[in-house]
>>> print(open('upload-v5.tsv').read())   # TSV, C-alpha atoms and all ligand atoms
chain	number	residue	atom	x	y	z
N	1	MET	CA	-50.42	104.46	183.57
N	2	THR	CA	-50.72	101.01	182.13
N	3	ARG	CA	-53.97	99.18	182.70
N	4	ARG	CA	-53.96	95.81	184.36
N	5	ARG	CA	-54.47	93.03	181.82
N	6	TRP	CA	-56.79	90.03	182.05
N	7	ILE	CA	-57.34	87.20	179.64
N	8	ALA	CA	-61.11	86.78	179.24
N	9	ASP	CA	-62.81	83.47	179.93
N	10	THR	CA	-65.73	84.22	177.59
N	11	TRP	CA	-66.43	87.03	175.13
N	12	ASP	CA	-68.47	88.24	172.17
N	13	GLU	CA	-68.04	91.25	169.89
N	14	ALA	CA	-68.80	93.91	172.48
N	15	THR	CA	-68.40	92.30	175.89
N	16	ALA	CA	-66.17	89.88	177.79
N	17	SER	CA	-66.34	88.09	181.15
N	18	LEU	CA	-64.06	86.67	183.77
N	19	VAL	CA	-65.38	83.76	185.83
N	20	GLY	CA	-64.05	81.40	188.51
N	21	SER	CA	-60.76	82.16	190.22
N	22	GLN	CA	-59.90	85.17	188.06
N	23	ALA	CA	-63.25	86.80	188.85
N	24	ALA	CA	-62.92	85.94	192.54
N	25	HIS	CA	-59.50	87.60	192.67
N	26	LEU	CA	-60.81	90.71	190.96
N	27	ILE	CA	-63.84	90.94	193.27
N	28	ARG	CA	-62.15	90.17	196.60
N	29	VAL	CA	-58.59	91.33	196.26
N	30	LEU	CA	-58.90	94.19	193.81
N	31	ARG	CA	-62.40	95.23	195.01
N	32	ALA	CA	-63.89	95.37	191.54
N	33	GLN	CA	-66.34	98.22	190.92
N	34	PRO	CA	-68.27	99.16	187.79
N	35	GLY	CA	-66.39	101.84	185.87
N	36	MET	CA	-62.91	100.44	186.62
N	37	GLU	CA	-60.74	100.24	183.50
N	38	PHE	CA	-58.69	97.25	182.39
N	39	ASP	CA	-57.21	95.68	179.29
N	40	LEU	CA	-59.06	92.52	178.32
N	41	VAL	CA	-57.63	89.93	175.97
N	42	ALA	CA	-60.39	88.28	173.99
N	43	GLY	CA	-59.65	85.81	171.20
N	44	GLY	CA	-56.01	86.92	170.96
N	45	ARG	CA	-56.98	90.63	170.60
N	46	VAL	CA	-56.54	93.23	173.35
N	47	PHE	CA	-59.27	95.74	174.23
N	48	HIS	CA	-59.42	98.77	176.45
N	49	SER	CA	-62.40	97.79	178.62
N	50	VAL	CA	-64.63	99.09	181.35
N	51	LEU	CA	-66.06	96.93	184.09
N	52	ALA	CA	-69.82	96.83	183.48
N	53	GLY	CA	-71.15	94.64	186.25
N	54	ILE	CA	-70.67	91.86	188.76
N	55	SER	CA	-73.13	89.01	189.20
N	56	GLY	CA	-72.36	86.03	191.41
N	57	ASP	CA	-68.88	84.92	190.43
N	58	GLU	CA	-68.88	86.59	187.02
N	59	VAL	CA	-67.39	89.97	186.18
N	60	ARG	CA	-68.58	91.54	182.91
N	61	PHE	CA	-66.80	94.15	180.83
N	62	ASN	CA	-67.69	96.34	177.87
N	63	LEU	CA	-64.98	96.27	175.20
N	64	ILE	CA	-64.33	99.86	174.16
N	65	ALA	CA	-61.44	99.94	171.71
N	66	GLU	CA	-58.85	97.52	170.43
N	67	VAL	CA	-55.27	98.27	171.44
N	68	GLU	CA	-52.17	97.04	169.69
N	69	ALA	CA	-50.65	93.78	170.90
N	70	ASP	CA	-47.70	91.62	169.96
N	71	PRO	CA	-48.38	87.97	169.26
N	72	ALA	CA	-46.27	85.18	170.75
N	73	LEU	CA	-43.13	84.11	168.95
N	74	PRO	CA	-43.56	80.92	166.89
N	75	VAL	CA	-41.41	78.91	169.29
N	76	THR	CA	-42.34	75.72	171.14
N	77	LEU	CA	-40.03	74.35	173.81
N	78	LEU	CA	-39.97	70.60	174.35
N	79	ILE	CA	-38.73	70.40	177.91
N	80	SER	CA	-37.74	67.07	179.46
N	81	VAL	CA	-39.35	67.35	182.89
N	82	PHE	CA	-37.11	68.29	185.80
N	83	LYS	CA	-37.71	69.18	189.44
N	84	PHE	CA	-41.10	70.82	189.66
N	85	ASP	CA	-40.06	74.05	191.41
N	86	ARG	CA	-37.54	74.64	188.62
N	87	MET	CA	-40.06	73.53	186.01
N	88	GLU	CA	-42.47	76.20	187.28
N	89	TRP	CA	-39.72	78.79	187.08
N	90	ALA	CA	-38.97	77.77	183.49
N	91	ILE	CA	-42.66	78.00	182.51
N	92	GLU	CA	-42.92	81.49	183.96
N	93	LYS	CA	-39.77	82.67	182.16
N	94	ALA	CA	-40.78	81.05	178.87
N	95	ALA	CA	-44.07	82.97	179.05
N	96	GLU	CA	-42.23	86.23	179.71
N	97	LEU	CA	-39.87	85.64	176.79
N	98	GLY	CA	-42.77	85.06	174.39
N	99	ALA	CA	-42.76	81.29	173.75
N	100	GLU	CA	-45.93	80.01	172.11
N	101	GLY	CA	-45.98	76.58	173.74
N	102	ILE	CA	-44.28	74.09	176.02
N	103	VAL	CA	-44.43	70.33	175.60
N	104	PRO	CA	-43.39	68.62	178.86
N	105	MET	CA	-41.51	65.55	177.75
N	106	ILE	CA	-40.61	62.29	179.45
N	107	ALA	CA	-37.11	61.26	178.43
N	108	ARG	CA	-35.26	58.06	179.27
N	109	ARG	CA	-33.31	59.71	182.10
N	110	SER	CA	-36.21	61.79	183.46
N	111	GLU	CA	-36.50	60.97	187.15
N	112	LYS	CA	-39.14	58.24	187.63
N	113	HIS	CA	-41.26	60.01	190.21
N	114	LEU	CA	-41.29	63.23	188.17
N	115	ALA	CA	-42.29	61.33	185.05
N	116	GLN	CA	-45.16	59.69	186.95
N	117	ALA	CA	-46.38	62.89	188.58
N	118	ALA	CA	-46.13	65.13	185.49
N	119	ALA	CA	-49.66	64.47	184.23
N	120	SER	CA	-51.17	65.59	187.53
N	121	ARG	CA	-49.12	68.82	187.45
N	122	VAL	CA	-50.36	70.07	184.10
N	123	GLU	CA	-53.29	72.07	185.50
N	124	ARG	CA	-50.97	73.88	187.87
N	125	TRP	CA	-48.50	74.55	185.06
N	126	ARG	CA	-51.35	75.98	182.96
N	127	ARG	CA	-52.35	78.31	185.79
N	128	ILE	CA	-48.75	79.51	186.08
N	129	ALA	CA	-48.64	80.03	182.31
N	130	LEU	CA	-51.87	82.06	182.43
N	131	GLU	CA	-50.67	84.26	185.30
N	132	ALA	CA	-47.25	84.85	183.74
N	133	SER	CA	-48.82	85.60	180.35
N	134	GLN	CA	-51.09	88.21	181.88
N	135	GLN	CA	-48.38	89.69	184.01
N	136	SER	CA	-46.02	90.07	181.06
N	137	ARG	CA	-48.86	91.69	179.05
N	138	ARG	CA	-49.13	89.05	176.38
N	139	SER	CA	-52.16	88.90	174.12
N	140	ASP	CA	-52.29	85.12	174.36
N	141	VAL	CA	-51.53	82.42	176.88
N	142	LEU	CA	-48.43	80.24	176.72
N	143	ARG	CA	-49.86	76.81	175.89
N	144	ILE	CA	-48.82	73.81	177.98
N	145	ALA	CA	-49.40	70.50	176.24
N	146	ASP	CA	-50.15	67.25	178.03
N	147	PRO	CA	-46.86	65.50	178.89
N	148	LEU	CA	-45.67	63.12	176.18
N	149	PRO	CA	-43.00	60.44	175.96
N	150	LEU	CA	-40.04	61.74	173.96
N	151	LYS	CA	-40.71	59.31	171.12
N	152	SER	CA	-44.10	60.85	170.28
N	153	ALA	CA	-43.20	64.43	171.21
N	154	ILE	CA	-40.37	64.66	168.68
N	155	ARG	CA	-42.48	63.33	165.80
N	156	GLN	CA	-44.29	66.17	164.05
N	157	GLU	CA	-46.02	66.20	160.69
N	158	GLU	CA	-45.80	69.91	159.99
N	159	GLN	CA	-42.72	71.58	158.55
N	160	THR	CA	-40.85	73.09	161.46
N	161	LEU	CA	-37.27	73.93	162.23
N	162	ARG	CA	-36.22	71.35	164.83
N	163	LEU	CA	-33.28	72.07	167.09
N	164	VAL	CA	-32.07	69.88	169.93
N	165	LEU	CA	-29.87	71.33	172.67
N	166	ALA	CA	-26.87	69.05	173.10
N	167	GLU	CA	-23.93	69.79	175.35
N	168	GLN	CA	-21.68	67.48	173.28
N	169	GLU	CA	-22.23	69.55	170.14
N	170	ARG	CA	-19.12	71.62	169.47
N	171	SER	CA	-19.39	73.07	165.99
N	172	THR	CA	-22.92	74.53	165.57
N	173	THR	CA	-24.29	77.05	168.02
N	174	LEU	CA	-28.02	77.67	168.40
N	175	HIS	CA	-27.40	81.26	167.31
N	176	HIS	CA	-25.66	80.15	164.14
N	177	ALA	CA	-28.27	77.51	163.20
N	178	LEU	CA	-31.12	79.97	163.75
N	179	SER	CA	-29.48	82.83	161.84
N	180	GLU	CA	-28.89	80.55	158.89
N	181	ALA	CA	-32.45	79.21	158.92
N	182	LEU	CA	-33.94	82.71	159.21
N	183	THR	CA	-31.86	83.97	156.29
N	184	ALA	CA	-32.91	80.99	154.18
N	185	ALA	CA	-36.58	81.55	155.10
N	186	GLY	CA	-36.55	85.19	153.90
N	187	ASP	CA	-39.76	87.01	154.84
N	188	GLU	CA	-41.48	83.91	156.12
N	189	MET	CA	-41.16	83.36	159.86
N	190	PRO	CA	-40.50	79.62	160.31
N	191	THR	CA	-42.04	77.79	163.25
N	192	ILE	CA	-39.36	76.59	165.60
N	193	ARG	CA	-39.23	73.70	168.05
N	194	ILE	CA	-36.39	73.44	170.54
N	195	ALA	CA	-35.85	70.32	172.67
N	196	SER	CA	-33.91	70.31	175.94
N	197	GLY	CA	-32.78	67.21	177.80
N	198	PRO	CA	-33.15	65.99	181.39
N	199	GLU	CA	-30.54	66.58	184.11
N	200	GLY	CA	-28.87	63.29	183.14
N	201	GLY	CA	-28.68	64.30	179.47
N	202	TRP	CA	-29.88	62.40	176.38
N	203	THR	CA	-29.15	58.69	175.93
N	204	ALA	CA	-27.37	57.54	172.76
N	205	GLU	CA	-30.63	55.94	171.63
N	206	GLU	CA	-32.50	59.23	172.03
N	207	GLU	CA	-29.82	61.09	170.10
N	208	ALA	CA	-30.24	58.58	167.27
N	209	MET	CA	-34.05	58.98	167.36
N	210	LEU	CA	-33.79	62.76	167.29
N	211	ASP	CA	-31.36	62.57	164.41
N	212	ALA	CA	-33.69	60.26	162.47
N	213	GLU	CA	-36.54	62.77	162.96
N	214	ASN	CA	-34.40	65.58	161.54
N	215	TRP	CA	-33.57	67.36	164.78
N	216	LYS	CA	-30.35	69.34	164.41
N	217	ALA	CA	-28.02	69.30	167.42
N	218	VAL	CA	-26.99	72.77	168.59
N	219	SER	CA	-24.80	74.14	171.35
N	220	LEU	CA	-25.26	76.93	173.86
N	221	GLY	CA	-21.52	77.17	174.46
N	222	PRO	CA	-18.80	75.11	176.12
N	223	ARG	CA	-20.24	75.10	179.66
N	224	ILE	CA	-22.75	72.56	180.95
N	225	LEU	CA	-25.96	74.34	181.86
N	226	ARG	CA	-28.68	73.06	184.14
N	227	ALA	CA	-31.72	71.90	182.24
N	228	GLU	CA	-33.82	74.95	183.15
N	229	THR	CA	-31.00	77.35	182.29
N	230	ALA	CA	-30.55	75.67	178.91
N	231	ALA	CA	-34.27	75.93	178.05
N	232	ILE	CA	-34.53	79.60	179.02
N	233	ALA	CA	-31.19	80.63	177.52
N	234	ALA	CA	-32.30	79.00	174.26
N	235	MET	CA	-35.57	80.93	174.37
N	236	ALA	CA	-33.72	84.21	174.97
N	237	VAL	CA	-31.30	83.62	172.09
N	238	THR	CA	-34.21	82.76	169.80
N	239	ALA	CA	-36.28	85.77	170.87
N	240	SER	CA	-33.35	88.09	170.27
N	241	LEU	CA	-33.09	86.85	166.68
N	242	LEU	CA	-36.81	86.96	165.95
N	243	GLU	CA	-37.64	90.37	167.43
V	1	LIG	N1	-25.85	65.07	182.09
V	1	LIG	C1	-25.11	66.04	181.44
V	1	LIG	C2	-25.73	67.43	181.46
V	1	LIG	C3	-27.16	67.53	181.05
V	1	LIG	S1	-27.67	69.16	181.12
V	1	LIG	C4	-23.76	66.10	182.12
V	1	LIG	O1	-23.75	66.22	183.35
V	1	LIG	O2	-22.78	66.03	181.42
V	1	LIG	C5	-29.37	69.02	180.68
V	1	LIG	C6	-29.72	69.44	179.27
V	1	LIG	O3	-29.44	70.82	179.09
V	1	LIG	C7	-28.96	68.74	178.18
V	1	LIG	O4	-29.54	67.50	177.84
V	1	LIG	C8	-29.05	69.73	177.02
V	1	LIG	O5	-30.29	69.60	176.35
V	1	LIG	C9	-29.02	71.06	177.74
V	1	LIG	N2	-27.68	71.67	177.80
V	1	LIG	C10	-26.92	71.89	178.91
V	1	LIG	N3	-25.79	72.53	178.58
V	1	LIG	C11	-25.80	72.73	177.25
V	1	LIG	C12	-24.92	73.37	176.32
V	1	LIG	N4	-23.76	73.89	176.69
V	1	LIG	N5	-25.31	73.41	175.01
V	1	LIG	C13	-26.47	72.86	174.61
V	1	LIG	N6	-27.34	72.26	175.45
V	1	LIG	C14	-27.04	72.20	176.75
>>> encode(input="upload-v5.tsv", output="structure tokens")
Amino acid sequence: MTRRRWIADTWDEATASLVGSQAAHLIRVLRAQPGMEFDLVAGGRVFHSVLAGISGDEVRFNLIAEVEADPALPVTLLISVFKFDRMEWAIEKAAELGAEGIVPMIARRSEKHLAQAAASRVERWRRIALEASQQSRRSDVLRIADPLPLKSAIRQEEQTLRLVLAEQERSTTLHHALSEALTAAGDEMPTIRIASGPEGGWTAEEEAMLDAENWKAVSLGPRILRAETAAIAAMAVTASLLE
């Protein structure tokens, strides 16, 4: 049987703790008792653990032995915000598919009220990312950045492969661009950033900005996908080439 997995709030070499809402869930819903066994993720490593004690709203564990875990894929999705129920779905799926991070982005055609409300949604998005990461037995949590305007989100100092999903692109598929880049990189796993547009698509000005920042336009095929489908399909294609 697989042990239920938790991502520790605090830890040292031999012990780890859950506090706050995670601890409350464990105490009330799962009726935590000393001796119960779980997997605890501490500092990106996974440990077979035994519940040692409960005090107030803290649950403490002894870390017994490290178990093998797969790290996230080096992929960050820059997602132009869309309707929040669909955004939450996309965050959950991105966590399941192994994305390292999501940058919620405000594009020119992002709906005004969504753009304004995005900043106040981040905490909820982070909770969803934490739950989905635990549920899919990751050893780390999908990171959700603070929302950024497109102009600053697409500017990055570090060397990364930058791909922008564009429904007008006809010649280069995401699959093709990634395969080529992975072959060229040899043994080194490049870090990858993939940007997806809002429901209304990119403006010509944004396309020019992306081009100037070395983002390569790639296609997911001849059909127009909804924004959340495009982001998750791109993540699945990328995962299939990296794993
Ligand atoms: N407004 C456009 C569709 C935008 S779809 C129209 O109706 O014509 C939203 C986003 O999903 C796009 O900006 C793009 O990033 C991505 N997307 C959708 N379909 C795609 C495809 N076939 N290939 C690549 N990206 C796609």
>>> residues_near_ligand(input="upload-v5.tsv", ligand="ligand LIG 1 (chain V)", cutoff="10 Å", atoms="only C-alpha atoms and all ligand atoms", output="PyMOL selection string")
chain N and resi 78-80+82+107+109+164-170+172-174+194-203+217-231+233-234
>>> atom_distance(input="upload-v5.tsv", atom1="CA of Glu158 in chain N", atom2="CA of Ala181 in chain N")
16.3 Å
>>> closest_residue(input="upload-v5.tsv", among="N:Asp85, N:Glu243, N:Asp57, N:Glu92", to="Arg143 in chain N", atoms="all atoms listed in the file")
N:Glu92
>>> closest_residue(input="upload-v5.tsv", among="N:Gln134, N:Ser21, N:Gln159, N:Ala118", to="Pro190 in chain N", atoms="all atoms listed in the file")
N:Gln159
>>> closest_residue(input="upload-v5.tsv", among="N:Gln22, N:Ala236, N:Leu30, N:Leu161", to="Arg127 in chain N", atoms="only C-alpha atoms")
N:Gln22
>>> atom_distance(input="upload-v5.tsv", atom1="CA of Arg3 in chain N", atom2="CA of Met235 in chain N")
27.2 Å
>>> atom_distance(input="upload-v5.tsv", atom1="CA of Pro74 in chain N", atom2="CA of Glu100 in chain N")
5.8 Å
>>> residues_around(input="upload-v5.tsv", residues="Glu96 in chain N", least_positions_apart="3", cutoff="10 Å", atoms="all atoms listed in the file", output="PyMOL selection string")
chain N and resi 72+90-93+99+129+132-138+142+236
>>> closest_atom_pairs(input="upload-v5.tsv", of="range 86-159 of chain N", to="range 207-214 of chain N", cutoff="9 Å", atoms="only C-alpha atoms", output="tab-separated table")
residue	atom	partner	partner_atom	distance
N:Lys151	CA	N:Met209	CA	7.7
N:Ile154	CA	N:Leu210	CA	7.0
N:Arg155	CA	N:Glu213	CA	6.6
N:Gln156	CA	N:Glu213	CA	8.5
>>> axis_aligned_box(input="upload-v5.tsv", around="range 95-112 of chain N", padding_each_side="8 Å", output="JSON")
{"center_x": -39.6, "center_y": 72.1, "center_z": 179.9, "size_x": 28.7, "size_y": 44.2, "size_z": 31.5}
>>> closest_residue(input="upload-v5.tsv", among="N:Arg124, N:Arg28, N:Lys112, N:Arg193", to="Thr76 in chain N", atoms="only C-alpha atoms")
N:Arg193
>>> residues_around(input="upload-v5.tsv", residues="Ile144 in chain N", least_positions_apart="6", cutoff="7 Å", atoms="all atoms listed in the file", output="list in words")
Gly101, Ile102, Val103 and Arg126 of chain N
>>> residues_around(input="upload-v5.tsv", residues="range 146-149 of chain N", least_positions_apart="2", cutoff="6 Å", atoms="all atoms listed in the file", output="number ranges by chain")
N: 104-106, 151-153
>>> residues_near_point(input="upload-v5.tsv", point="(-63.1, 91.6, 189.5)", cutoff="10 Å", atoms="all atoms listed in the file", output="PyMOL selection string")
chain N and resi 6+17-19+21-34+36+51+53-54+57-61
>>> closest_residue(input="upload-v5.tsv", among="N:Ala119, N:Leu241, N:Val141, N:Ile192", to="His175 in chain N", atoms="all atoms listed in the file")
N:Leu241
>>> closest_residue(input="upload-v5.tsv", among="N:Ser120, N:Thr191, N:His48, N:Ile232", to="Arg86 in chain N", atoms="all atoms listed in the file")
N:Ile232
>>> build_atoms(input="upload-v5.tsv", residues="range 121-132 of chain N", atoms="all heavy atoms", output="CSV table (one decimal), in the frame of the given file")
chain,number,residue,atom,x,y,z
N,121,ARG,N,-49.6,67.4,187.3
N,121,ARG,CA,-49.1,68.8,187.4
N,121,ARG,C,-49.6,69.8,186.4
N,121,ARG,O,-49.4,71.0,186.5
N,121,ARG,CB,-47.6,68.8,187.5
N,121,ARG,CG,-47.0,68.3,188.8
N,121,ARG,CD,-47.4,69.3,189.9
N,121,ARG,NE,-47.0,68.8,191.1
N,121,ARG,CZ,-46.3,69.5,192.0
N,121,ARG,NH1,-45.8,70.7,191.7
N,121,ARG,NH2,-45.9,68.9,193.2
N,122,VAL,N,-50.1,69.2,185.3
N,122,VAL,CA,-50.4,70.1,184.1
N,122,VAL,C,-51.3,71.2,184.4
N,122,VAL,O,-51.1,72.4,184.0
N,122,VAL,CB,-50.9,69.2,182.9
N,122,VAL,CG1,-51.3,70.1,181.8
N,122,VAL,CG2,-49.8,68.3,182.5
N,123,GLU,N,-52.3,71.0,185.2
N,123,GLU,CA,-53.3,72.1,185.5
N,123,GLU,C,-52.6,73.2,186.2
N,123,GLU,O,-52.8,74.4,185.9
N,123,GLU,CB,-54.5,71.5,186.3
N,123,GLU,CG,-55.5,70.8,185.5
N,123,GLU,CD,-55.8,71.5,184.1
N,123,GLU,OE1,-56.1,72.7,184.1
N,123,GLU,OE2,-55.7,70.8,183.1
N,124,ARG,N,-51.7,72.9,187.2
N,124,ARG,CA,-51.0,73.9,187.9
N,124,ARG,C,-50.0,74.6,186.9
N,124,ARG,O,-49.9,75.9,187.0
N,124,ARG,CB,-50.1,73.2,189.0
N,124,ARG,CG,-49.4,74.2,189.8
N,124,ARG,CD,-48.7,73.5,191.0
N,124,ARG,NE,-47.7,74.4,191.5
N,124,ARG,CZ,-47.9,75.4,192.3
N,124,ARG,NH1,-49.1,75.7,192.7
N,124,ARG,NH2,-46.9,76.2,192.7
N,125,TRP,N,-49.4,73.9,186.0
N,125,TRP,CA,-48.5,74.6,185.1
N,125,TRP,C,-49.3,75.5,184.2
N,125,TRP,O,-48.8,76.6,183.8
N,125,TRP,CB,-47.8,73.5,184.2
N,125,TRP,CG,-46.8,72.7,185.0
N,125,TRP,CD1,-46.2,73.0,186.2
N,125,TRP,CD2,-46.3,71.4,184.6
N,125,TRP,NE1,-45.4,72.0,186.6
N,125,TRP,CE2,-45.4,71.0,185.6
N,125,TRP,CE3,-46.4,70.5,183.5
N,125,TRP,CZ2,-44.6,69.8,185.6
N,125,TRP,CZ3,-45.7,69.3,183.5
N,125,TRP,CH2,-44.8,69.0,184.5
N,126,ARG,N,-50.5,75.1,183.8
N,126,ARG,CA,-51.4,76.0,183.0
N,126,ARG,C,-51.8,77.2,183.7
N,126,ARG,O,-51.8,78.3,183.1
N,126,ARG,CB,-52.6,75.2,182.5
N,126,ARG,CG,-52.2,74.2,181.4
N,126,ARG,CD,-53.3,73.5,180.7
N,126,ARG,NE,-52.8,72.5,179.8
N,126,ARG,CZ,-53.2,71.3,179.6
N,126,ARG,NH1,-54.2,70.8,180.4
N,126,ARG,NH2,-52.6,70.5,178.7
N,127,ARG,N,-52.0,77.1,185.0
N,127,ARG,CA,-52.4,78.3,185.8
N,127,ARG,C,-51.2,79.3,185.8
N,127,ARG,O,-51.3,80.5,185.7
N,127,ARG,CB,-52.7,77.9,187.2
N,127,ARG,CG,-54.2,77.7,187.4
N,127,ARG,CD,-54.6,77.9,188.9
N,127,ARG,NE,-53.8,77.2,189.8
N,127,ARG,CZ,-53.9,75.9,190.1
N,127,ARG,NH1,-54.7,75.2,189.5
N,127,ARG,NH2,-53.1,75.4,191.0
N,128,ILE,N,-50.0,78.7,186.0
N,128,ILE,CA,-48.8,79.5,186.1
N,128,ILE,C,-48.5,80.2,184.7
N,128,ILE,O,-48.2,81.4,184.7
N,128,ILE,CB,-47.5,78.6,186.5
N,128,ILE,CG1,-47.7,78.2,187.9
N,128,ILE,CG2,-46.2,79.4,186.2
N,128,ILE,CD1,-46.8,77.1,188.4
N,129,ALA,N,-48.8,79.5,183.7
N,129,ALA,CA,-48.6,80.0,182.3
N,129,ALA,C,-49.6,81.2,182.1
N,129,ALA,O,-49.3,82.2,181.5
N,129,ALA,CB,-48.9,78.9,181.3
N,130,LEU,N,-50.9,81.0,182.6
N,130,LEU,CA,-51.9,82.1,182.4
N,130,LEU,C,-51.5,83.3,183.2
N,130,LEU,O,-51.5,84.4,182.7
N,130,LEU,CB,-53.2,81.5,182.9
N,130,LEU,CG,-54.4,82.6,183.0
N,130,LEU,CD1,-54.7,83.1,181.6
N,130,LEU,CD2,-55.6,82.0,183.7
N,131,GLU,N,-51.1,83.1,184.5
N,131,GLU,CA,-50.7,84.3,185.3
N,131,GLU,C,-49.5,85.0,184.7
N,131,GLU,O,-49.4,86.2,184.6
N,131,GLU,CB,-50.4,83.8,186.7
N,131,GLU,CG,-51.6,83.6,187.5
N,131,GLU,CD,-51.4,82.8,188.8
N,131,GLU,OE1,-50.2,82.7,189.3
N,131,GLU,OE2,-52.4,82.3,189.3
N,132,ALA,N,-48.5,84.2,184.3
N,132,ALA,CA,-47.2,84.8,183.7
N,132,ALA,C,-47.6,85.5,182.4
N,132,ALA,O,-47.0,86.6,182.1
N,132,ALA,CB,-46.2,83.8,183.5
